[in-house]
>>> print(open('coords_28.tsv').read())   # TSV, C-alpha atoms and all ligand atoms
chain	number	residue	atom	x	y	z
A	1	MET	CA	-65.00	-51.26	-19.98
A	2	THR	CA	-66.32	-51.43	-23.50
A	3	GLY	CA	-68.98	-49.16	-24.87
A	4	SER	CA	-71.50	-51.95	-25.06
A	5	GLU	CA	-70.85	-52.96	-21.47
A	6	SER	CA	-71.65	-49.49	-20.26
A	7	GLY	CA	-74.76	-49.25	-22.43
A	8	SER	CA	-77.72	-48.69	-20.16
A	9	SER	CA	-80.40	-50.96	-21.47
A	10	ARG	CA	-83.63	-50.43	-19.48
A	11	GLU	CA	-83.38	-54.08	-18.50
A	12	GLY	CA	-80.14	-53.64	-16.61
A	13	GLY	CA	-76.99	-55.60	-17.35
A	14	PRO	CA	-76.50	-58.03	-20.18
A	15	GLU	CA	-77.72	-60.94	-18.02
A	16	GLY	CA	-80.88	-59.06	-17.16
A	17	ALA	CA	-80.31	-58.41	-13.45
A	18	PHE	CA	-80.95	-54.79	-12.60
A	19	ILE	CA	-78.39	-54.59	-9.80
A	20	GLU	CA	-75.42	-56.89	-10.02
A	21	LEU	CA	-72.45	-57.29	-7.70
A	22	HIS	CA	-69.73	-59.82	-8.22
A	23	GLY	CA	-66.94	-60.24	-5.65
A	24	VAL	CA	-67.25	-56.60	-4.61
A	25	GLU	CA	-64.90	-55.37	-1.91
A	26	LYS	CA	-64.28	-52.07	-0.20
A	27	VAL	CA	-61.18	-51.58	1.91
A	28	PHE	CA	-60.62	-48.35	3.82
A	29	GLU	CA	-57.24	-47.27	5.01
A	30	VAL	CA	-57.43	-45.62	8.36
A	31	ARG	CA	-54.62	-43.94	10.26
A	32	LYS	CA	-54.79	-44.34	13.98
A	33	LYS	CA	-52.78	-42.35	16.51
A	34	THR	CA	-50.87	-44.86	18.62
A	35	GLY	CA	-48.63	-42.51	20.57
A	36	PHE	CA	-46.90	-39.13	20.43
A	37	MET	CA	-46.08	-38.49	16.74
A	38	LYS	CA	-46.87	-42.12	16.01
A	39	ARG	CA	-49.55	-43.22	13.64
A	40	GLU	CA	-50.44	-46.71	12.60
A	41	ARG	CA	-52.06	-47.59	9.29
A	42	ARG	CA	-54.90	-50.02	9.49
A	43	ARG	CA	-57.02	-51.54	6.76
A	44	VAL	CA	-60.75	-51.91	7.35
A	45	ARG	CA	-62.45	-54.37	5.05
A	46	ALA	CA	-65.92	-52.84	5.15
A	47	VAL	CA	-67.31	-55.01	2.32
A	48	ASP	CA	-65.70	-58.36	1.74
A	49	SER	CA	-66.29	-60.14	-1.57
A	50	ILE	CA	-70.03	-59.68	-1.89
A	51	SER	CA	-72.01	-61.04	-4.80
A	52	PHE	CA	-75.73	-60.69	-5.41
A	53	ARG	CA	-78.27	-59.81	-8.08
A	54	VAL	CA	-81.48	-57.89	-7.73
A	55	GLU	CA	-84.02	-58.17	-10.51
A	56	ARG	CA	-86.05	-55.23	-11.75
A	57	GLY	CA	-89.14	-54.72	-9.56
A	58	GLU	CA	-87.82	-56.57	-6.51
A	59	MET	CA	-88.02	-55.09	-3.02
A	60	VAL	CA	-85.12	-56.43	-1.00
A	61	GLY	CA	-84.16	-55.90	2.63
A	62	TYR	CA	-80.50	-55.41	3.41
A	63	ILE	CA	-79.85	-55.86	7.11
A	64	GLY	CA	-76.99	-56.34	9.53
A	65	PRO	CA	-75.59	-55.02	12.79
A	66	ASN	CA	-73.84	-51.66	13.17
A	67	GLY	CA	-70.70	-51.40	11.08
A	68	ALA	CA	-71.64	-54.46	8.98
A	69	GLY	CA	-71.07	-52.69	5.67
A	70	LYS	CA	-74.61	-51.75	4.60
A	71	SER	CA	-74.05	-48.03	4.01
A	72	THR	CA	-70.76	-48.73	2.28
A	73	THR	CA	-72.58	-51.05	-0.14
A	74	ILE	CA	-75.24	-48.42	-0.84
A	75	LYS	CA	-72.59	-45.76	-1.37
A	76	MET	CA	-70.89	-48.01	-3.94
A	77	LEU	CA	-74.25	-48.60	-5.63
A	78	THR	CA	-74.71	-44.84	-6.01
A	79	GLY	CA	-71.14	-44.24	-7.17
A	80	ILE	CA	-70.17	-42.15	-4.12
A	81	LEU	CA	-67.55	-44.80	-3.30
A	82	THR	CA	-65.46	-46.83	-5.74
A	83	PRO	CA	-65.08	-50.56	-4.97
A	84	SER	CA	-61.54	-51.75	-4.17
A	85	ALA	CA	-62.23	-54.92	-6.15
A	86	GLY	CA	-64.99	-56.76	-7.96
A	87	ARG	CA	-67.61	-55.83	-10.52
A	88	LEU	CA	-70.67	-53.75	-9.86
A	89	ARG	CA	-73.41	-52.67	-12.25
A	90	VAL	CA	-76.70	-50.85	-11.80
A	91	ALA	CA	-78.91	-50.77	-14.89
A	92	GLY	CA	-75.83	-51.77	-16.86
A	93	ILE	CA	-73.91	-48.73	-15.58
A	94	ASP	CA	-70.68	-48.78	-13.58
A	95	PRO	CA	-71.76	-46.37	-10.80
A	96	SER	CA	-68.40	-44.90	-9.86
A	97	ARG	CA	-67.45	-44.23	-13.50
A	98	GLU	CA	-70.74	-42.75	-14.59
A	99	ARG	CA	-72.18	-41.36	-11.43
A	100	THR	CA	-74.02	-38.46	-13.05
A	101	ARG	CA	-75.64	-40.62	-15.70
A	102	LEU	CA	-76.71	-43.10	-13.05
A	103	ALA	CA	-78.09	-40.32	-10.84
A	104	HIS	CA	-80.94	-39.84	-13.31
A	105	ARG	CA	-82.00	-43.45	-12.82
A	106	ILE	CA	-81.68	-43.90	-9.07
A	107	GLY	CA	-83.21	-42.29	-6.01
A	108	VAL	CA	-81.56	-42.30	-2.60
A	109	VAL	CA	-82.92	-41.60	0.86
A	110	PHE	CA	-80.57	-41.54	3.82
A	111	GLY	CA	-82.80	-41.52	6.90
A	112	GLN	CA	-80.27	-39.78	9.08
A	113	ARG	CA	-79.57	-36.96	6.62
A	114	THR	CA	-81.75	-34.83	4.43
A	115	THR	CA	-81.22	-33.91	0.81
A	116	LEU	CA	-83.61	-30.98	1.24
A	117	TRP	CA	-82.54	-27.39	1.76
A	118	TRP	CA	-82.91	-26.74	5.46
A	119	ASP	CA	-83.97	-23.08	5.30
A	120	LEU	CA	-86.16	-23.27	2.22
A	121	PRO	CA	-89.81	-24.26	2.04
A	122	LEU	CA	-90.28	-27.83	0.86
A	123	LEU	CA	-91.60	-26.71	-2.52
A	124	ALA	CA	-88.50	-24.60	-3.18
A	125	SER	CA	-86.32	-27.69	-2.68
A	126	TYR	CA	-88.44	-29.56	-5.20
A	127	ARG	CA	-88.13	-26.69	-7.69
A	128	LEU	CA	-84.36	-26.82	-7.34
A	129	MET	CA	-84.39	-30.56	-7.98
A	130	HIS	CA	-86.61	-30.02	-11.00
A	131	ARG	CA	-83.78	-27.95	-12.48
A	132	MET	CA	-80.88	-30.06	-11.19
A	133	TYR	CA	-82.25	-33.26	-12.69
A	134	ARG	CA	-83.56	-31.43	-15.77
A	135	ILE	CA	-86.95	-33.07	-15.34
A	136	PRO	CA	-89.29	-32.13	-18.20
A	137	ASP	CA	-91.91	-29.65	-16.93
A	138	ALA	CA	-94.97	-31.80	-17.56
A	139	ARG	CA	-93.40	-34.82	-15.91
A	140	TYR	CA	-92.29	-32.76	-12.91
A	141	ARG	CA	-95.78	-31.33	-12.42
A	142	GLU	CA	-97.40	-34.73	-12.75
A	143	ASN	CA	-94.94	-36.46	-10.40
A	144	LEU	CA	-95.11	-33.66	-7.84
A	145	ALA	CA	-98.91	-33.78	-7.76
A	146	ARG	CA	-98.92	-37.56	-7.38
A	147	LEU	CA	-96.25	-37.60	-4.64
A	148	VAL	CA	-97.83	-34.71	-2.72
A	149	ASP	CA	-101.10	-36.59	-2.77
A	150	LEU	CA	-99.71	-40.03	-1.86
A	151	LEU	CA	-97.35	-38.76	0.82
A	152	ASP	CA	-99.82	-36.25	2.22
A	153	LEU	CA	-97.56	-33.24	1.74
A	154	GLY	CA	-100.18	-30.70	0.65
A	155	ASP	CA	-100.09	-28.59	3.83
A	156	LEU	CA	-96.33	-28.75	4.13
A	157	LEU	CA	-95.14	-27.35	0.80
A	158	ASP	CA	-94.72	-23.81	2.12
A	159	VAL	CA	-93.11	-24.85	5.40
A	160	PRO	CA	-89.32	-24.47	5.75
A	161	VAL	CA	-87.73	-27.88	6.05
A	162	ARG	CA	-86.24	-27.14	9.46
A	163	GLN	CA	-89.75	-26.70	10.87
A	164	LEU	CA	-90.95	-30.12	9.72
A	165	SER	CA	-91.28	-33.02	12.14
A	166	LEU	CA	-89.04	-36.01	11.51
A	167	GLY	CA	-91.88	-37.99	9.93
A	168	GLN	CA	-92.91	-35.07	7.71
A	169	ARG	CA	-89.31	-34.50	6.68
A	170	MET	CA	-88.89	-38.17	5.81
A	171	ARG	CA	-91.95	-38.07	3.57
A	172	GLY	CA	-90.57	-34.90	2.04
A	173	ASP	CA	-87.24	-36.63	1.41
A	174	ILE	CA	-88.88	-39.65	-0.18
A	175	ALA	CA	-90.81	-37.41	-2.56
A	176	ALA	CA	-87.58	-35.57	-3.43
A	177	ALA	CA	-85.89	-38.87	-4.27
A	178	LEU	CA	-88.73	-39.84	-6.60
A	179	LEU	CA	-89.43	-36.61	-8.50
A	180	HIS	CA	-87.27	-37.69	-11.42
A	181	ASP	CA	-88.96	-41.11	-11.69
A	182	PRO	CA	-85.98	-43.29	-10.75
A	183	GLU	CA	-86.11	-46.98	-11.58
A	184	VAL	CA	-84.48	-47.96	-8.32
A	185	LEU	CA	-84.75	-46.48	-4.85
A	186	TYR	CA	-82.13	-47.05	-2.17
A	187	LEU	CA	-83.42	-46.42	1.30
A	188	ASP	CA	-81.04	-46.27	4.21
A	189	GLU	CA	-83.03	-46.44	7.47
A	190	PRO	CA	-86.18	-44.73	6.14
A	191	THR	CA	-88.19	-45.25	9.34
A	192	ILE	CA	-85.53	-44.41	11.90
A	193	GLY	CA	-86.93	-42.31	14.74
A	194	LEU	CA	-90.45	-42.21	13.29
A	195	ASP	CA	-93.57	-42.78	15.37
A	196	VAL	CA	-95.88	-45.69	14.65
A	197	VAL	CA	-98.26	-43.70	12.44
A	198	SER	CA	-95.48	-42.17	10.33
A	199	LYS	CA	-93.79	-45.55	9.97
A	200	SER	CA	-96.95	-47.13	8.68
A	201	LYS	CA	-97.52	-44.25	6.21
A	202	VAL	CA	-94.01	-44.64	4.84
A	203	ARG	CA	-94.33	-48.42	4.58
A	204	GLU	CA	-97.70	-48.19	2.86
A	205	PHE	CA	-96.29	-45.75	0.33
A	206	LEU	CA	-93.25	-47.94	-0.41
A	207	ARG	CA	-95.43	-51.00	-0.90
A	208	GLU	CA	-97.55	-49.09	-3.39
A	209	LEU	CA	-94.53	-47.66	-5.18
A	210	ASN	CA	-93.14	-51.15	-5.62
A	211	THR	CA	-96.32	-52.91	-6.67
A	212	GLU	CA	-97.98	-50.17	-8.73
A	213	ARG	CA	-94.96	-48.62	-10.41
A	214	GLY	CA	-92.60	-51.57	-10.30
A	215	THR	CA	-89.82	-49.49	-8.73
A	216	THR	CA	-86.94	-51.66	-7.55
A	217	VAL	CA	-86.26	-51.01	-3.86
A	218	LEU	CA	-83.22	-51.83	-1.75
A	219	LEU	CA	-84.00	-51.20	1.88
A	220	THR	CA	-81.52	-50.97	4.72
A	221	THR	CA	-83.04	-50.90	8.17
A	222	HIS	CA	-82.63	-51.83	11.80
A	223	ASP	CA	-86.39	-52.12	12.14
A	224	LEU	CA	-87.21	-55.70	11.28
A	225	GLN	CA	-90.88	-54.86	10.99
A	226	ASP	CA	-89.97	-52.86	7.88
A	227	ILE	CA	-88.60	-56.06	6.41
A	228	GLU	CA	-91.44	-58.28	7.62
A	229	GLN	CA	-94.04	-55.94	6.17
A	230	LEU	CA	-92.32	-55.07	2.91
A	231	CYS	CA	-89.73	-57.54	1.68
A	232	LYS	CA	-90.08	-61.10	0.48
A	233	ARG	CA	-86.33	-61.35	0.15
A	234	VAL	CA	-83.74	-60.39	2.68
A	235	MET	CA	-79.96	-60.24	2.63
A	236	VAL	CA	-78.04	-60.34	5.88
A	237	ILE	CA	-74.56	-58.85	6.02
A	238	ASP	CA	-72.09	-59.05	8.89
A	239	HIS	CA	-68.43	-58.03	8.97
A	240	GLY	CA	-68.74	-57.12	5.30
A	241	ARG	CA	-69.81	-60.63	4.29
A	242	LEU	CA	-73.15	-61.81	2.99
A	243	MET	CA	-74.38	-64.39	5.49
A	244	TYR	CA	-77.84	-65.03	4.11
A	245	ASP	CA	-79.71	-64.23	0.92
A	246	GLY	CA	-83.18	-65.65	0.52
A	247	PRO	CA	-86.81	-65.50	1.55
A	248	LEU	CA	-87.60	-64.01	4.91
A	249	ALA	CA	-89.19	-67.28	6.03
A	250	GLY	CA	-85.94	-69.15	5.33
A	251	LEU	CA	-84.12	-66.99	7.86
A	252	HIS	CA	-85.82	-68.92	10.60
A	253	GLU	CA	-84.39	-72.17	9.32
A	254	ALA	CA	-80.97	-70.62	8.72
A	255	GLY	CA	-81.01	-69.48	12.34
A	256	GLU	CA	-82.36	-72.89	13.39
A	257	SER	CA	-85.01	-71.06	15.30
A	258	GLU	CA	-87.79	-72.45	17.40
A	259	ARG	CA	-91.48	-71.84	17.67
A	260	THR	CA	-93.26	-71.78	20.99
A	261	LEU	CA	-96.38	-73.67	21.96
A	262	VAL	CA	-98.17	-71.89	24.80
A	263	VAL	CA	-100.40	-74.28	26.72
A	264	ASP	CA	-103.03	-73.43	29.35
A	265	LEU	CA	-103.82	-76.39	31.61
A	266	GLU	CA	-106.74	-76.71	34.02
A	267	ARG	CA	-104.40	-76.36	36.98
A	268	GLU	CA	-100.77	-75.94	37.92
A	269	LEU	CA	-98.86	-79.11	37.11
A	270	PRO	CA	-95.19	-80.21	36.86
A	271	PRO	CA	-93.53	-79.48	33.50
A	272	ILE	CA	-95.13	-81.41	30.64
A	273	GLU	CA	-93.06	-84.39	29.54
A	274	ALA	CA	-92.74	-83.60	25.86
A	275	PRO	CA	-91.00	-85.75	23.24
A	276	ALA	CA	-87.52	-84.33	22.42
A	277	PRO	CA	-86.49	-81.99	20.93
A	278	ALA	CA	-89.62	-80.23	22.25
A	279	ARG	CA	-89.20	-79.12	25.85
A	280	VAL	CA	-90.78	-76.91	28.44
A	281	VAL	CA	-88.91	-73.62	28.67
A	282	ARG	CA	-91.14	-71.80	31.13
A	283	VAL	CA	-93.91	-72.50	33.63
A	284	ASP	CA	-96.14	-69.87	35.18
A	285	GLY	CA	-99.05	-71.32	37.18
A	286	PRO	CA	-101.27	-73.37	34.85
A	287	ARG	CA	-99.55	-71.90	31.76
A	288	GLN	CA	-96.54	-73.65	30.20
A	289	TRP	CA	-94.31	-72.68	27.25
A	290	LEU	CA	-92.81	-75.42	25.07
A	291	ALA	CA	-90.12	-74.72	22.46
A	292	PHE	CA	-89.99	-76.89	19.33
A	293	PRO	CA	-88.14	-76.61	15.98
A	294	ALA	CA	-89.65	-73.95	13.69
A	295	GLY	CA	-89.52	-76.29	10.72
A	296	GLU	CA	-91.78	-78.94	12.36
A	297	SER	CA	-95.54	-79.09	12.62
A	298	ALA	CA	-97.06	-78.47	16.05
A	299	ALA	CA	-99.81	-81.02	15.41
A	300	PRO	CA	-98.20	-84.19	16.92
A	301	LEU	CA	-97.10	-82.27	19.99
A	302	VAL	CA	-100.56	-80.77	20.44
A	303	ALA	CA	-102.21	-84.18	19.98
A	304	ARG	CA	-100.00	-85.76	22.59
A	305	ILE	CA	-100.54	-83.01	25.16
A	306	ALA	CA	-104.29	-83.02	24.53
A	307	ALA	CA	-104.40	-86.80	25.12
A	308	GLU	CA	-102.35	-86.77	28.32
A	309	TYR	CA	-103.03	-83.45	30.04
A	310	PRO	CA	-106.11	-81.45	31.08
A	311	LEU	CA	-105.82	-78.90	28.26
A	312	VAL	CA	-107.90	-75.70	28.32
A	313	ASP	CA	-106.34	-73.59	25.57
A	314	LEU	CA	-103.23	-73.28	23.42
A	315	SER	CA	-101.53	-71.03	20.87
A	316	VAL	CA	-98.41	-71.17	18.72
A	317	ARG	CA	-95.99	-68.27	18.64
A	318	GLU	CA	-93.77	-67.74	15.64
A	319	PRO	CA	-90.09	-67.18	16.29
A	320	ASP	CA	-89.11	-63.61	16.81
A	321	ILE	CA	-87.11	-62.62	13.74
A	322	GLU	CA	-84.94	-60.35	15.83
A	323	ALA	CA	-83.94	-63.28	18.02
A	324	VAL	CA	-83.25	-65.40	14.92
A	325	ILE	CA	-80.90	-62.81	13.48
A	326	ALA	CA	-79.19	-62.19	16.81
A	327	LYS	CA	-78.60	-65.95	17.00
A	328	MET	CA	-77.08	-65.94	13.50
A	329	TYR	CA	-74.71	-63.15	14.46
A	330	VAL	CA	-73.62	-64.97	17.62
A	331	GLU	CA	-73.05	-68.22	15.72
A	332	GLN	CA	-71.03	-66.40	13.08
A	333	ALA	CA	-68.89	-64.73	15.77
A	334	GLU	CA	-68.35	-68.09	17.49
A	335	ARG	CA	-67.27	-69.69	14.20
A	336	ALA	CA	-64.81	-66.83	13.65
A	337	ILE	CA	-63.26	-67.38	17.09
A	338	SER	CA	-62.97	-71.20	16.87
B	1	LIG	N1	-64.95	-43.52	5.11
B	1	LIG	C1	-64.57	-44.52	5.92
B	1	LIG	N2	-63.30	-44.61	6.34
B	1	LIG	C2	-62.91	-45.61	7.14
B	1	LIG	N3	-63.70	-46.60	7.57
B	1	LIG	C3	-64.99	-46.56	7.20
B	1	LIG	C4	-65.50	-45.52	6.35
B	1	LIG	N4	-66.81	-45.75	6.13
B	1	LIG	C5	-67.12	-46.87	6.81
B	1	LIG	N5	-66.04	-47.37	7.46
B	1	LIG	C6	-65.98	-48.58	8.26
B	1	LIG	O1	-66.47	-49.64	7.48
B	1	LIG	C7	-67.27	-50.53	8.25
B	1	LIG	C8	-68.67	-50.63	7.66
B	1	LIG	O2	-69.34	-49.38	7.83
B	1	LIG	P1	-70.80	-49.09	7.27
B	1	LIG	O3	-71.11	-47.65	7.57
B	1	LIG	O4	-70.90	-49.54	5.86
B	1	LIG	O5	-71.69	-50.03	8.18
B	1	LIG	P2	-73.28	-50.10	8.34
B	1	LIG	O6	-73.64	-51.54	8.21
B	1	LIG	O7	-73.95	-49.14	7.45
B	1	LIG	O8	-73.45	-49.66	9.86
B	1	LIG	P3	-74.62	-48.81	10.59
B	1	LIG	O9	-75.77	-49.74	10.73
B	1	LIG	O10	-73.98	-48.50	11.91
B	1	LIG	O11	-74.88	-47.60	9.77
B	1	LIG	C9	-67.22	-49.99	9.69
B	1	LIG	O12	-66.18	-50.66	10.35
B	1	LIG	C10	-66.87	-48.54	9.48
B	1	LIG	O13	-66.18	-48.03	10.61
>>> encode(input="coords_28.tsv", output="structure tokens", more="lines below")
Ligand SMILES: Nc1ncnc2c1ncn2[C@@H]1O[C@H](COP(=O)(O)OP(=O)(O)OP(=O)(O)O)[C@@H](O)[C@H]1O
Amino acid sequence: MTGSESGSSREGGPEGAFIELHGVEKVFEVRKKTGFMKRERRRVRAVDSISFRVERGEMVGYIGPNGAGKSTTIKMLTGILTPSAGRLRVAGIDPSRERTRLAHRIGVVFGQRTTLWWDLPLLASYRLMHRMYRIPDARYRENLARLVDLLDLGDLLDVPVRQLSLGQRMRGDIAAALLHDPEVLYLDEPTIGLDVVSKSKVREFLRELNTERGTTVLLTTHDLQDIEQLCKRVMVIDHGRLMYDGPLAGLHEAGESERTLVVDLERELPPIEAPAPARVVRVDGPRQWLAFPAGESAAPLVARIAAEYPLVDLSVREPDIEAVIAKMYVEQAERAIS
């Protein structure tokens, strides 16, 4: 790597993308016991030739089933893991080569682990980070005050971390990750195990952080509501491969999903004869459910039913994003088998 390549312009890499991956792979070698004194070496391709770019200020969802390769990607983006192949840059920096330098520009929150000191009061953890990251005093004080206010941590600063609830601890962890004003925040399952109120507080804060301060956010989650409420763009990874990268709305088309027209008739009737591909998928008394392609307008179907049936009421239900993604996974698995 040349000096100019590693130069950390505030605009990211030379092409301008803040996070850039090109053909990135991560292969783990695992040794498995196969019998008495016998061990077999196996290679696990956790990330398989992934390429993507994230521009400064984007908030992107990174989703996939268990073991898909999400955490491995994030660990490579922080420099904890070195890619087996490919090129990776964050803010123009090669993370595994210059991990410490990059640490000053990124923030990381792993939902299942805390970076806070378990036995110390929250504020003591922050003071330690102040020193570790060598944050200038004025900036530390200003950031701490802002984060304590926004994340509602005022009453918790003197409480030892082990006494905090999961939601309080998560807010504490998010503040810790942001004390040094990072330009990008990686969040790995930030709402895992949180109740509805805590989830909405965390989401509200992240939305504000992204829109007001322009912080770039890469969000890994199993909770698709996080994605629906926060991210315009989503990347889907499975078996280490990027299966989809685009707007959330486009996922429905990629999964060839269907919308549902729920129709209330005056009385119980045989299934409505709808023009294909629309079809009745469920009947319960006078109520009938018709599935039709998500990409099509409901208007012609509604007009036809209204003209031919004693219609009382109707509503359209959007496809459930969880079902769409599950369908994508199944289709991918079927393609792999055939
Ligand atoms: N240090 C390691 N050594 C060996 N294999 C590993 C290691 N870390 C991850 N793997 C394997 O790599 C694959 C991807 O794991 P990874 O943790 O990145 O998935 P994930 O998408 O984050 O999953 P989850 O949603 O369950 O956290 C899995 O098969 C996992 O077992």
>>> atom_distance(input="coords_28.tsv", atom1="atom CA of Gly154 of chain A", atom2="atom CA of Pro121 of chain A")
12.3 Å
>>> axis_aligned_box(input="coords_28.tsv", around="segment 187-190 of chain A", padding_each_side="6 Å", output="AutoDock Vina command-line options")
--center_x -83.6 --center_y -45.6 --center_z 4.4 --size_x 17.1 --size_y 13.7 --size_z 18.2
>>> residues_near_ligand(input="coords_28.tsv", ligand="ligand LIG 1 (chain B)", cutoff="10 Å", atoms="all atoms listed in the file", output="PyMOL selection string")
chain A and resi 26-31+42-47+62-76+81+112+188-189+220-222+237-240
>>> closest_residue(input="coords_28.tsv", among="A:Leu157, A:Ala124, A:Leu144, A:Val184", to="Phe18 of chain A", atoms="all atoms listed in the file")
A:Val184
>>> residues_around(input="coords_28.tsv", residues="Gly57 of chain A", least_positions_apart="6", cutoff="12 Å", atoms="all atoms listed in the file", output="ChimeraX atom specification")
/A:11-12,17-19,182-185,207-218,231-232
>>> write_last_selection(input="coords_28.tsv", atoms="C-alpha atoms", output="compact mmCIF listing (two decimals), in the frame of the given file")
# COMPACT_ATOMS: atom_id res chain seq x y z
CA GLU A 11 -83.38 -54.08 -18.50
CA GLY A 12 -80.14 -53.64 -16.61
CA ALA A 17 -80.31 -58.41 -13.45
CA PHE A 18 -80.95 -54.79 -12.60
CA ILE A 19 -78.39 -54.59 -9.80
CA PRO A 182 -85.98 -43.29 -10.75
CA GLU A 183 -86.11 -46.98 -11.58
CA VAL A 184 -84.48 -47.96 -8.32
CA LEU A 185 -84.75 -46.48 -4.85
CA ARG A 207 -95.43 -51.00 -0.90
CA GLU A 208 -97.55 -49.09 -3.39
CA LEU A 209 -94.53 -47.66 -5.18
CA ASN A 210 -93.14 -51.15 -5.62
CA THR A 211 -96.32 -52.91 -6.67
CA GLU A 212 -97.98 -50.17 -8.73
CA ARG A 213 -94.96 -48.62 -10.41
CA GLY A 214 -92.60 -51.57 -10.30
CA THR A 215 -89.82 -49.49 -8.73
CA THR A 216 -86.94 -51.66 -7.55
CA VAL A 217 -86.26 -51.01 -3.86
CA LEU A 218 -83.22 -51.83 -1.75
CA CYS A 231 -89.73 -57.54 1.68
CA LYS A 232 -90.08 -61.10 0.48
>>> atom_distance(input="coords_28.tsv", atom1="atom CA of Val236 of chain A", atom2="atom CA of Gly61 of chain A")
8.2 Å
>>> residues_around(input="coords_28.tsv", residues="Leu230 of chain A", least_positions_apart="3", cutoff="10 Å", atoms="all atoms listed in the file", output="NGL selection string")
:A and (59-61 or 203-204 or 206-207 or 210 or 217 or 219 or 224-227 or 233)
>>> closest_residue(input="coords_28.tsv", among="A:Ile174, A:Pro270, A:Ala299, A:Asp137", to="Arg113 of chain A", atoms="only C-alpha atoms")
A:Ile174
>>> atom_distance(input="coords_28.tsv", atom1="atom CA of Arg89 of chain A", atom2="atom CA of Leu21 of chain A")
6.6 Å
>>> residues_near_point(input="coords_28.tsv", point="(-81.6, -35.6, -13.2)", cutoff="12 Å", atoms="only C-alpha atoms", output="list in words")
Arg99, Thr100, Arg101, Leu102, Ala103, His104, Arg105, Ile106, Gly107, Leu128, Met129, His130, Arg131, Met132, Tyr133, Arg134, Ile135, Pro136, Tyr140, Ala176, Ala177, Leu178, Leu179, His180, Asp181 and Pro182 of chain A
